[in-house]
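To be precise, the following lines are protein-v5.pdb, and they hold PDB, C-alpha atoms and all ligand atoms.
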```pdb
ATOM      1  CA  MET Q   1     -78.876 -45.627   4.555
ATOM      2  CA  ARG Q   2     -77.219 -44.084   1.505
ATOM      3  CA  VAL Q   3     -74.748 -44.757  -1.301
ATOM      4  CA  ILE Q   4     -71.478 -42.912  -0.638
ATOM      5  CA  GLY Q   5     -69.316 -44.393  -3.381
ATOM      6  CA  ARG Q   6     -69.900 -45.799  -6.823
ATOM      7  CA  GLY Q   7     -67.549 -47.520  -9.250
ATOM      8  CA  GLY Q   8     -68.259 -49.585 -12.350
ATOM      9  CA  ALA Q   9     -68.367 -52.796 -10.333
ATOM     10  CA  ASN Q  10     -69.333 -51.794  -6.790
ATOM     11  CA  ILE Q  11     -71.340 -49.442  -4.658
ATOM     12  CA  VAL Q  12     -70.398 -48.497  -1.103
ATOM     13  CA  ILE Q  13     -73.256 -48.033   1.346
ATOM     14  CA  ASP Q  14     -73.225 -46.103   4.617
ATOM     15  CA  TYR Q  15     -75.776 -48.093   6.647
ATOM     16  CA  GLY Q  16     -75.484 -46.056   9.827
ATOM     17  CA  ASP Q  17     -72.510 -47.637  11.618
ATOM     18  CA  PRO Q  18     -69.627 -45.123  11.698
ATOM     19  CA  MET Q  19     -67.052 -47.942  11.961
ATOM     20  CA  TRP Q  20     -68.108 -50.075   8.989
ATOM     21  CA  LEU Q  21     -69.420 -49.777   5.416
ATOM     22  CA  TRP Q  22     -71.136 -52.223   3.087
ATOM     23  CA  ARG Q  23     -69.566 -52.899  -0.290
ATOM     24  CA  CYS Q  24     -71.966 -54.416  -2.752
ATOM     25  CA  CYS Q  25     -71.175 -55.836  -6.201
ATOM     26  CA  ILE Q  26     -73.203 -54.441  -9.131
ATOM     27  CA  ARG Q  27     -70.911 -55.681 -11.921
ATOM     28  CA  TRP Q  28     -73.846 -57.608 -13.479
ATOM     29  CA  PRO Q  29     -76.777 -55.161 -13.771
ATOM     30  CA  ASP Q  30     -79.316 -57.855 -14.764
ATOM     31  CA  LEU Q  31     -79.232 -60.459 -11.990
ATOM     32  CA  LEU Q  32     -78.553 -60.290  -8.256
ATOM     33  CA  SER Q  33     -77.598 -63.989  -8.227
ATOM     34  CA  SER Q  34     -74.682 -63.319 -10.636
ATOM     35  CA  ASN Q  35     -73.370 -60.597  -8.314
ATOM     36  CA  ASN Q  36     -73.888 -62.809  -5.244
ATOM     37  CA  SER Q  37     -71.964 -65.770  -6.656
ATOM     38  CA  TYR Q  38     -69.137 -63.478  -7.753
ATOM     39  CA  THR Q  39     -68.930 -61.880  -4.276
ATOM     40  CA  VAL Q  40     -68.548 -65.312  -2.619
ATOM     41  CA  LYS Q  41     -65.845 -66.275  -5.148
ATOM     42  CA  ASN Q  42     -64.190 -62.881  -4.718
ATOM     43  CA  ILE Q  43     -63.828 -63.019  -0.924
ATOM     44  CA  HIS Q  44     -62.222 -66.483  -1.185
ATOM     45  CA  TYR Q  45     -59.905 -65.152  -3.872
ATOM     46  CA  ILE Q  46     -58.868 -62.225  -1.682
ATOM     47  CA  ARG Q  47     -58.243 -64.480   1.335
ATOM     48  CA  GLU Q  48     -56.331 -67.153  -0.586
ATOM     49  CA  ASN Q  49     -54.468 -65.170  -3.232
ATOM     50  CA  VAL Q  50     -54.156 -61.502  -2.359
ATOM     51  CA  GLU Q  51     -53.841 -61.439   1.450
ATOM     52  CA  PRO Q  52     -50.716 -63.641   1.544
ATOM     53  CA  LEU Q  53     -49.014 -61.221  -0.887
ATOM     54  CA  LEU Q  54     -49.995 -58.018   0.903
ATOM     55  CA  HIS Q  55     -49.288 -59.313   4.406
ATOM     56  CA  GLY Q  56     -51.155 -57.208   6.952
ATOM     57  CA  LEU Q  57     -52.020 -54.419   4.494
ATOM     58  CA  ILE Q  58     -55.505 -55.487   3.398
ATOM     59  CA  CYS Q  59     -58.290 -53.472   4.980
ATOM     60  CA  PRO Q  60     -60.372 -55.570   7.437
ATOM     61  CA  MET Q  61     -63.397 -57.058   5.643
ATOM     62  CA  ASN Q  62     -65.961 -59.845   6.079
ATOM     63  CA  LEU Q  63     -68.609 -61.499   3.977
ATOM     64  CA  ILE Q  64     -72.139 -61.108   5.371
ATOM     65  CA  ASP Q  65     -75.688 -61.943   4.278
ATOM     66  CA  VAL Q  66     -78.140 -59.040   4.287
ATOM     67  CA  ASP Q  67     -81.890 -59.539   3.806
ATOM     68  CA  ILE Q  68     -82.872 -58.225   0.385
ATOM     69  CA  ASP Q  69     -85.688 -56.106   1.870
ATOM     70  CA  VAL Q  70     -83.138 -54.062   3.847
ATOM     71  CA  VAL Q  71     -81.320 -52.904   0.690
ATOM     72  CA  ARG Q  72     -84.065 -53.261  -1.928
ATOM     73  CA  PRO Q  73     -84.731 -49.491  -2.291
ATOM     74  CA  ILE Q  74     -81.043 -48.875  -3.066
ATOM     75  CA  LEU Q  75     -80.198 -52.019  -5.017
ATOM     76  CA  SER Q  76     -83.230 -51.861  -7.310
ATOM     77  CA  THR Q  77     -81.731 -48.794  -8.994
ATOM     78  CA  PHE Q  78     -78.564 -50.755  -9.905
ATOM     79  CA  ILE Q  79     -79.748 -54.343 -10.497
ATOM     80  CA  LEU Q  80     -82.793 -55.148 -12.611
ATOM     81  CA  ASN Q  81     -83.827 -58.549 -11.235
ATOM     82  CA  LEU Q  82     -83.381 -59.070  -7.489
ATOM     83  CA  ASP Q  83     -83.766 -62.823  -7.786
ATOM     84  CA  GLU Q  84     -82.456 -63.929  -4.348
ATOM     85  CA  LYS Q  85     -83.616 -63.352  -0.769
ATOM     86  CA  VAL Q  86     -80.224 -62.318   0.563
ATOM     87  CA  VAL Q  87     -77.505 -60.043  -0.744
ATOM     88  CA  LYS Q  88     -73.890 -61.119  -0.327
ATOM     89  CA  ILE Q  89     -72.170 -58.011   0.981
ATOM     90  CA  ILE Q  90     -68.587 -57.324   1.975
ATOM     91  CA  LYS Q  91     -68.577 -55.442   5.251
ATOM     92  CA  ILE Q  92     -65.476 -53.265   5.194
ATOM     93  CA  LYS Q  93     -63.867 -51.040   7.805
ATOM     94  CA  ASN Q  94     -64.744 -47.372   7.346
ATOM     95  CA  LEU Q  95     -61.394 -45.647   6.814
ATOM     96  CA  PHE Q  96     -62.941 -42.170   6.496
ATOM     97  CA  ASN Q  97     -64.557 -41.838   9.874
ATOM     98  CA  ARG Q  98     -62.109 -39.310  11.337
ATOM     99  CA  THR Q  99     -61.524 -37.218   8.229
ATOM    100  CA  ALA Q 100     -64.331 -35.131   6.835
ATOM    101  CA  ASN Q 101     -62.609 -32.410   4.782
ATOM    102  CA  LEU Q 102     -61.436 -33.026   1.234
ATOM    103  CA  ILE Q 103     -58.263 -30.961   0.621
ATOM    104  CA  GLN Q 104     -56.840 -32.405  -2.612
ATOM    105  CA  ASN Q 105     -58.837 -34.109  -5.319
ATOM    106  CA  ASP Q 106     -57.496 -35.372  -8.632
ATOM    107  CA  HIS Q 107     -57.774 -38.612 -10.576
ATOM    108  CA  PHE Q 108     -55.086 -40.516  -8.605
ATOM    109  CA  LEU Q 109     -55.140 -38.826  -5.217
ATOM    110  CA  LYS Q 110     -57.814 -37.704  -2.830
ATOM    111  CA  SER Q 111     -56.646 -36.241   0.477
ATOM    112  CA  TYR Q 112     -58.773 -35.638   3.531
ATOM    113  CA  CYS Q 113     -58.081 -34.129   6.915
ATOM    114  CA  SER Q 114     -59.817 -33.764  10.245
ATOM    115  CA  GLN Q 115     -60.392 -30.472  12.036
ATOM    116  CA  ASN Q 116     -57.007 -28.974  13.090
ATOM    117  CA  PHE Q 117     -55.139 -31.522  10.920
ATOM    118  CA  GLN Q 118     -54.958 -34.101  13.709
ATOM    119  CA  THR Q 119     -55.439 -36.718  11.007
ATOM    120  CA  VAL Q 120     -54.548 -36.687   7.306
ATOM    121  CA  LEU Q 121     -55.803 -39.436   5.016
ATOM    122  CA  LEU Q 122     -54.537 -40.110   1.499
ATOM    123  CA  GLU Q 123     -56.605 -42.237  -0.880
ATOM    124  CA  LEU Q 124     -54.526 -43.071  -3.925
ATOM    125  CA  LYS Q 125     -54.281 -45.409  -6.888
ATOM    126  CA  PRO Q 126     -50.659 -46.319  -7.723
ATOM    127  CA  LYS Q 127     -51.787 -48.276 -10.866
ATOM    128  CA  TRP Q 128     -48.829 -49.625 -12.926
ATOM    129  CA  LEU Q 129     -45.806 -49.045 -10.699
ATOM    130  CA  TYR Q 130     -43.791 -51.533 -12.746
ATOM    131  CA  TYR Q 131     -43.818 -51.522 -16.537
ATOM    132  CA  ASP Q 132     -41.578 -53.334 -19.024
ATOM    133  CA  THR Q 133     -41.964 -50.791 -21.833
ATOM    134  CA  ASP Q 134     -39.692 -47.868 -22.738
ATOM    135  CA  TYR Q 135     -42.472 -45.477 -21.732
ATOM    136  CA  CYS Q 136     -44.254 -44.947 -18.418
ATOM    137  CA  ARG Q 137     -47.616 -46.657 -18.648
ATOM    138  CA  ASN Q 138     -49.275 -44.304 -16.126
ATOM    139  CA  CYS Q 139     -47.997 -41.065 -17.674
ATOM    140  CA  THR Q 140     -48.782 -42.252 -21.217
ATOM    141  CA  HIS Q 141     -52.281 -43.295 -20.176
ATOM    142  CA  ASN Q 142     -52.855 -39.920 -18.497
ATOM    143  CA  VAL Q 143     -51.824 -37.966 -21.589
ATOM    144  CA  SER Q 144     -53.950 -40.169 -23.866
ATOM    145  CA  LYS Q 145     -56.942 -39.472 -21.604
ATOM    146  CA  GLY Q 146     -56.195 -35.727 -21.529
ATOM    147  CA  ARG Q 147     -55.550 -35.755 -17.770
ATOM    148  CA  GLU Q 148     -53.110 -33.159 -16.529
ATOM    149  CA  VAL Q 149     -51.311 -34.978 -13.739
ATOM    150  CA  ARG Q 150     -47.742 -33.813 -13.126
ATOM    151  CA  TYR Q 151     -46.677 -36.390 -10.554
ATOM    152  CA  CYS Q 152     -46.228 -40.118 -11.034
ATOM    153  CA  TYR Q 153     -46.137 -42.863  -8.394
ATOM    154  CA  ASN Q 154     -43.373 -44.684 -10.259
ATOM    155  CA  GLN Q 155     -41.202 -41.572  -9.855
ATOM    156  CA  LEU Q 156     -42.229 -41.254  -6.220
ATOM    157  CA  LEU Q 157     -41.017 -44.807  -5.637
ATOM    158  CA  ILE Q 158     -37.620 -44.112  -7.197
ATOM    159  CA  ASN Q 159     -37.228 -40.578  -5.869
ATOM    160  CA  PRO Q 160     -39.091 -39.757  -2.598
ATOM    161  CA  SER Q 161     -38.484 -36.002  -3.059
ATOM    162  CA  HIS Q 162     -41.039 -36.240  -5.900
ATOM    163  CA  LEU Q 163     -43.511 -35.926  -2.993
ATOM    164  CA  GLU Q 164     -43.200 -32.104  -3.324
ATOM    165  CA  LEU Q 165     -44.677 -32.275  -6.823
ATOM    166  CA  THR Q 166     -47.319 -34.812  -5.712
ATOM    167  CA  PHE Q 167     -48.532 -32.387  -3.053
ATOM    168  CA  ALA Q 168     -47.885 -29.205  -5.092
ATOM    169  CA  GLU Q 169     -51.572 -28.489  -5.735
ATOM    170  CA  CYS Q 170     -52.381 -28.325  -2.036
ATOM    171  CA  LYS Q 171     -50.490 -26.060   0.348
ATOM    172  CA  VAL Q 172     -52.088 -27.071   3.627
ATOM    173  CA  TYR Q 173     -50.379 -30.402   4.418
ATOM    174  CA  PRO Q 174     -48.675 -30.197   7.855
ATOM    175  CA  ASP Q 175     -44.848 -30.302   7.676
ATOM    176  CA  LYS Q 176     -44.791 -33.132  10.221
ATOM    177  CA  PHE Q 177     -47.018 -35.204   7.959
ATOM    178  CA  LYS Q 178     -44.817 -34.531   4.911
ATOM    179  CA  ALA Q 179     -41.742 -35.537   6.916
ATOM    180  CA  ALA Q 180     -43.458 -38.774   7.998
ATOM    181  CA  MET Q 181     -44.358 -39.525   4.362
ATOM    182  CA  LEU Q 182     -40.771 -38.902   3.218
ATOM    183  CA  ASN Q 183     -39.533 -41.228   5.927
ATOM    184  CA  TYR Q 184     -42.029 -43.867   4.869
ATOM    185  CA  LEU Q 185     -40.974 -43.616   1.222
ATOM    186  CA  HIS Q 186     -37.351 -44.245   2.220
ATOM    187  CA  ASP Q 187     -38.434 -47.458   3.954
ATOM    188  CA  ASP Q 188     -37.942 -50.458   1.660
ATOM    189  CA  ASN Q 189     -41.149 -52.010   2.972
ATOM    190  CA  ASN Q 190     -43.438 -49.199   1.840
ATOM    191  CA  VAL Q 191     -46.608 -50.136  -0.015
ATOM    192  CA  PHE Q 192     -45.356 -48.716  -3.348
ATOM    193  CA  LYS Q 193     -42.236 -50.899  -3.197
ATOM    194  CA  ILE Q 194     -44.238 -53.993  -2.215
ATOM    195  CA  LEU Q 195     -46.662 -53.456  -5.115
ATOM    196  CA  TYR Q 196     -43.800 -52.713  -7.533
ATOM    197  CA  ASP Q 197     -41.987 -55.938  -6.624
ATOM    198  CA  LEU Q 198     -45.162 -58.024  -6.974
ATOM    199  CA  GLN Q 199     -46.113 -56.413 -10.287
ATOM    200  CA  LYS Q 200     -42.581 -57.044 -11.578
ATOM    201  CA  LYS Q 201     -42.635 -60.696 -10.478
ATOM    202  CA  PHE Q 202     -46.004 -61.456 -12.089
ATOM    203  CA  THR Q 203     -45.194 -59.518 -15.276
ATOM    204  CA  GLU Q 204     -42.067 -61.634 -15.698
ATOM    205  CA  ASN Q 205     -43.917 -64.886 -14.956
ATOM    206  CA  VAL Q 206     -46.626 -64.648 -17.630
ATOM    207  CA  ILE Q 207     -46.877 -64.002 -21.345
ATOM    208  CA  SER Q 208     -47.325 -60.333 -22.148
ATOM    209  CA  ILE Q 209     -50.914 -59.117 -22.326
ATOM    210  CA  LYS Q 210     -50.391 -58.074 -25.949
ATOM    211  CA  ASN Q 211     -49.803 -61.769 -26.808
ATOM    212  CA  ILE Q 212     -53.079 -63.028 -25.330
ATOM    213  CA  LYS Q 213     -55.104 -64.466 -28.214
ATOM    214  CA  SER Q 214     -58.044 -66.076 -26.419
ATOM    215  CA  ILE Q 215     -59.558 -66.505 -22.971
ATOM    216  CA  ASP Q 216     -57.615 -69.785 -22.639
ATOM    217  CA  ASP Q 217     -54.370 -67.797 -22.638
ATOM    218  CA  VAL Q 218     -55.492 -65.820 -19.562
ATOM    219  CA  LYS Q 219     -53.695 -67.326 -16.548
ATOM    220  CA  ASP Q 220     -54.404 -66.840 -12.847
ATOM    221  CA  GLU Q 221     -51.221 -64.751 -12.665
ATOM    222  CA  HIS Q 222     -52.664 -62.344 -15.273
ATOM    223  CA  LEU Q 223     -55.724 -61.839 -13.077
ATOM    224  CA  LEU Q 224     -53.574 -61.301 -10.006
ATOM    225  CA  LEU Q 225     -51.383 -58.857 -11.922
ATOM    226  CA  MET Q 226     -54.418 -56.851 -13.049
ATOM    227  CA  THR Q 227     -55.735 -56.848  -9.455
ATOM    228  CA  LEU Q 228     -52.385 -55.507  -8.224
ATOM    229  CA  ARG Q 229     -52.507 -52.765 -10.871
ATOM    230  CA  ASP Q 230     -55.899 -51.568  -9.718
ATOM    231  CA  VAL Q 231     -55.692 -51.424  -5.914
ATOM    232  CA  THR Q 232     -56.510 -48.345  -3.853
ATOM    233  CA  CYS Q 233     -54.193 -47.468  -0.947
ATOM    234  CA  PHE Q 234     -55.229 -45.515   2.117
ATOM    235  CA  ILE Q 235     -52.400 -43.910   4.070
ATOM    236  CA  GLU Q 236     -53.510 -42.366   7.351
ATOM    237  CA  TRP Q 237     -51.318 -40.141   9.483
ATOM    238  CA  ASN Q 238     -52.070 -39.344  13.081
ATOM    239  CA  SER Q 239     -50.451 -36.223  14.519
ATOM    240  CA  THR Q 240     -50.416 -37.321  18.181
ATOM    241  CA  LYS Q 241     -48.639 -40.596  17.456
ATOM    242  CA  ASP Q 242     -46.841 -39.204  14.383
ATOM    243  CA  ALA Q 243     -47.447 -42.601  12.791
ATOM    244  CA  LEU Q 244     -48.699 -43.830   9.399
ATOM    245  CA  TYR Q 245     -51.246 -46.612   8.930
ATOM    246  CA  VAL Q 246     -51.662 -48.240   5.536
ATOM    247  CA  ASN Q 247     -54.729 -50.099   4.268
ATOM    248  CA  VAL Q 248     -55.234 -51.521   0.796
ATOM    249  CA  ILE Q 249     -58.690 -51.969  -0.761
ATOM    250  CA  ASP Q 250     -60.044 -52.737  -4.255
ATOM    251  CA  VAL Q 251     -58.221 -56.068  -4.366
ATOM    252  CA  ASP Q 252     -60.973 -57.808  -6.301
ATOM    253  CA  LEU Q 253     -60.808 -60.733  -8.679
ATOM    254  CA  LYS Q 254     -60.871 -59.562 -12.314
ATOM    255  CA  PRO Q 255     -63.159 -61.560 -14.604
ATOM    256  CA  LYS Q 256     -61.195 -63.407 -17.327
ATOM    257  CA  GLU Q 257     -63.561 -61.924 -19.928
ATOM    258  CA  LYS Q 258     -61.878 -58.547 -19.360
ATOM    259  CA  TRP Q 259     -58.888 -59.637 -21.480
ATOM    260  CA  THR Q 260     -60.377 -58.041 -24.625
ATOM    261  CA  HIS Q 261     -60.554 -54.722 -22.775
ATOM    262  CA  TRP Q 262     -56.882 -55.049 -21.683
ATOM    263  CA  ILE Q 263     -55.823 -55.614 -25.317
ATOM    264  CA  LYS Q 264     -57.914 -52.670 -26.504
ATOM    265  CA  THR Q 265     -56.224 -50.333 -23.989
ATOM    266  CA  TYR Q 266     -52.793 -51.721 -24.894
ATOM    267  CA  ASN Q 267     -53.442 -51.038 -28.594
ATOM    268  CA  GLN Q 268     -54.711 -47.523 -27.854
ATOM    269  CA  LEU Q 269     -51.542 -46.745 -25.901
ATOM    270  CA  THR Q 270     -49.116 -48.158 -28.476
ATOM    271  CA  SER Q 271     -50.676 -45.933 -31.123
ATOM    272  CA  SER Q 272     -50.717 -42.806 -28.924
ATOM    273  CA  GLU Q 273     -47.922 -40.443 -27.908
ATOM    274  CA  LYS Q 274     -45.519 -42.292 -25.591
ATOM    275  CA  ILE Q 275     -44.374 -40.468 -22.495
ATOM    276  CA  TYR Q 276     -41.419 -41.456 -20.334
ATOM    277  CA  HIS Q 277     -42.695 -39.266 -17.489
ATOM    278  CA  THR Q 278     -44.800 -36.095 -17.638
ATOM    279  CA  SER Q 279     -42.324 -34.220 -15.443
ATOM    280  CA  LYS Q 280     -38.619 -34.772 -14.892
TER     281      LYS Q 280
HETATM  282 ZN    ZN G   1     -44.657 -41.765 -15.096
END
```

Encoded form (structure tokens):
Amino acid sequence: MRVIGRGGANIVIDYGDPMWLWRCCIRWPDLLSSNNSYTVKNIHYIRENVEPLLHGLICPMNLIDVDIDVVRPILSTFILNLDEKVVKIIKIKNLFNRTANLIQNDHFLKSYCSQNFQTVLLELKPKWLYYDTDYCRNCTHNVSKGREVRYCYNQLLINPSHLELTFAECKVYPDKFKAAMLNYLHDDNNVFKILYDLQKKFTENVISIKNIKSIDDVKDEHLLLMTLRDVTCFIEWNSTKDALYVNVIDVDLKPKEKWTHWIKTYNQLTSSEKIYHTSK
């Protein structure tokens, strides 16, 4: 058993089953019970609020109880007080199991392939596909963070040939895979378009984040909007079937308390250099 992924709020554990992984909340480093109650709330939130929006795209997942003694050696390094006998864990389908080689790796895209390129897997974060400012939120954020990313998923949505620039750093993608991706991007039902439309709808339905003055101003739609701006998409291509399979993960409920962080980032961006897009 080992940790194979770590974010600010979660760890992903390989527990020995090649088909499934355990995703465990560590958002509250002091108490296991806080993480457990959030996980229960979170899975209900995903089922009731996110799944209906992303029809059929959410990666298969289930809530399970795991005896604390099974994960104690791992969890004790992340959570100080393991105050409950079970850990609420989200068991999630392992999307990596056929793709071992990392071929492209930057902040918004990790690509993997199997031996002989039978399978290619993209792991990407589209972030803010829709924005109502006169600058691109993703490109501006990248420049303010000093990240040199030339492509932009908003541009990819509008102009599928931007795929060339997205894949420019890695020369080994099979032509058949690139053709399948281009085809997919021309389809109006692609995951970028679905996320763009949802982000647009929720942005228009709520007061702008910059106008939030207190936690009482934070509406459920704000939380959903922030969830939709933070998802991870897996796009898997299989050479034999020449087909693409899309799974979306990281669809978690954002705590309302995060609103101060959203404002802080907004203020940082308004006072930094505004970029329409990094590349034309
Ligand atoms: Zn951009």

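Taking only C-alpha atoms and all ligand atoms into account, ligand ZN 1 (chain G) lies nearest to Q:Asp134 out of the set Q:Asp67, Q:Asp187, Q:Asp14, Q:Asp134.
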
Could you give me the residues within 12 Å of ligand ZN 1 (chain G), counting all atoms listed in the file, as number ranges by chain? Q: 126-131, 133-143, 149-159, 162, 166, 274-280

Adding 6 Å on each side of the box along x, y and z that holds all listed atoms of stretch 59-71 of chain Q, could you give its centre and edge lengths in Å to one decimal, as JSON?
```
{"center_x": -72.0, "center_y": -57.4, "center_z": 3.9, "size_x": 39.4, "size_y": 21.0, "size_z": 19.1}
```

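Interatomic distance, atom CA of Q:Ile92 against atom CA of Q:Val50: 15.9 Å.
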
Leaving out stretch 1-5 of chain Q and any residue of its chain fewer than 2 positions from it, which residues lie within 10 Å of it when counting only C-alpha atoms, given as JSON, numbers by chain? {"Q": [7, 10, 11, 12, 13, 14, 15, 16, 17, 21, 22, 23, 70, 71, 73, 74, 75]}

Would you output that residue set with C-alpha atoms, as a tab-separated table (two decimals), keeping the file's coordinate frame?
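To be explicit, this is the file written out as result05.tsv:
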```tsv
chain	number	residue	atom	x	y	z
Q	7	GLY	CA	-67.55	-47.52	-9.25
Q	10	ASN	CA	-69.33	-51.79	-6.79
Q	11	ILE	CA	-71.34	-49.44	-4.66
Q	12	VAL	CA	-70.40	-48.50	-1.10
Q	13	ILE	CA	-73.26	-48.03	1.35
Q	14	ASP	CA	-73.22	-46.10	4.62
Q	15	TYR	CA	-75.78	-48.09	6.65
Q	16	GLY	CA	-75.48	-46.06	9.83
Q	17	ASP	CA	-72.51	-47.64	11.62
Q	21	LEU	CA	-69.42	-49.78	5.42
Q	22	TRP	CA	-71.14	-52.22	3.09
Q	23	ARG	CA	-69.57	-52.90	-0.29
Q	70	VAL	CA	-83.14	-54.06	3.85
Q	71	VAL	CA	-81.32	-52.90	0.69
Q	73	PRO	CA	-84.73	-49.49	-2.29
Q	74	ILE	CA	-81.04	-48.88	-3.07
Q	75	LEU	CA	-80.20	-52.02	-5.02
```

Of Q:Tyr38, Q:Tyr45, Q:Phe96, Q:Phe167, the one nearest to Q:Met19 when counting all atoms listed in the file is Q:Phe96

Nearest to Q:Asp175, restricted to all atoms listed in the file and choosing among Q:Leu225, Q:Cys59, Q:Val120, Q:Ile89, comes out as Q:Val120

Using all atoms listed in the file, the best pick from Q:Ile215, Q:Val206, Q:Val231, Q:Leu122 as closest to Q:Met181 would be Q:Leu122

Judged by only C-alpha atoms, the minimum distance to Q:Ser33 among Q:Asn238, Q:Val86, Q:Glu48, Q:Phe192 is found for Q:Val86

In terms of all atoms listed in the file, the residue from Q:Ile58, Q:Ser37, Q:Gln104, Q:Ile209 at minimal distance from Q:Lys264 is Q:Ile209

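We find atom CA of Q:Pro29 and atom CA of Q:Gly8 to be spaced 10.3 Å apart.
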
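What the PyMOL selection byres (((chain Q and resi 218) around 10) and not hetatm) matches in the given file is Val206, Ile207, Ile209, Ile212, Lys213, Ser214, Ile215, Asp216, Asp217, Lys219, Asp220, Glu221, His222, Leu223, Lys256, Glu257, Lys258 and Trp259 of chain Q.
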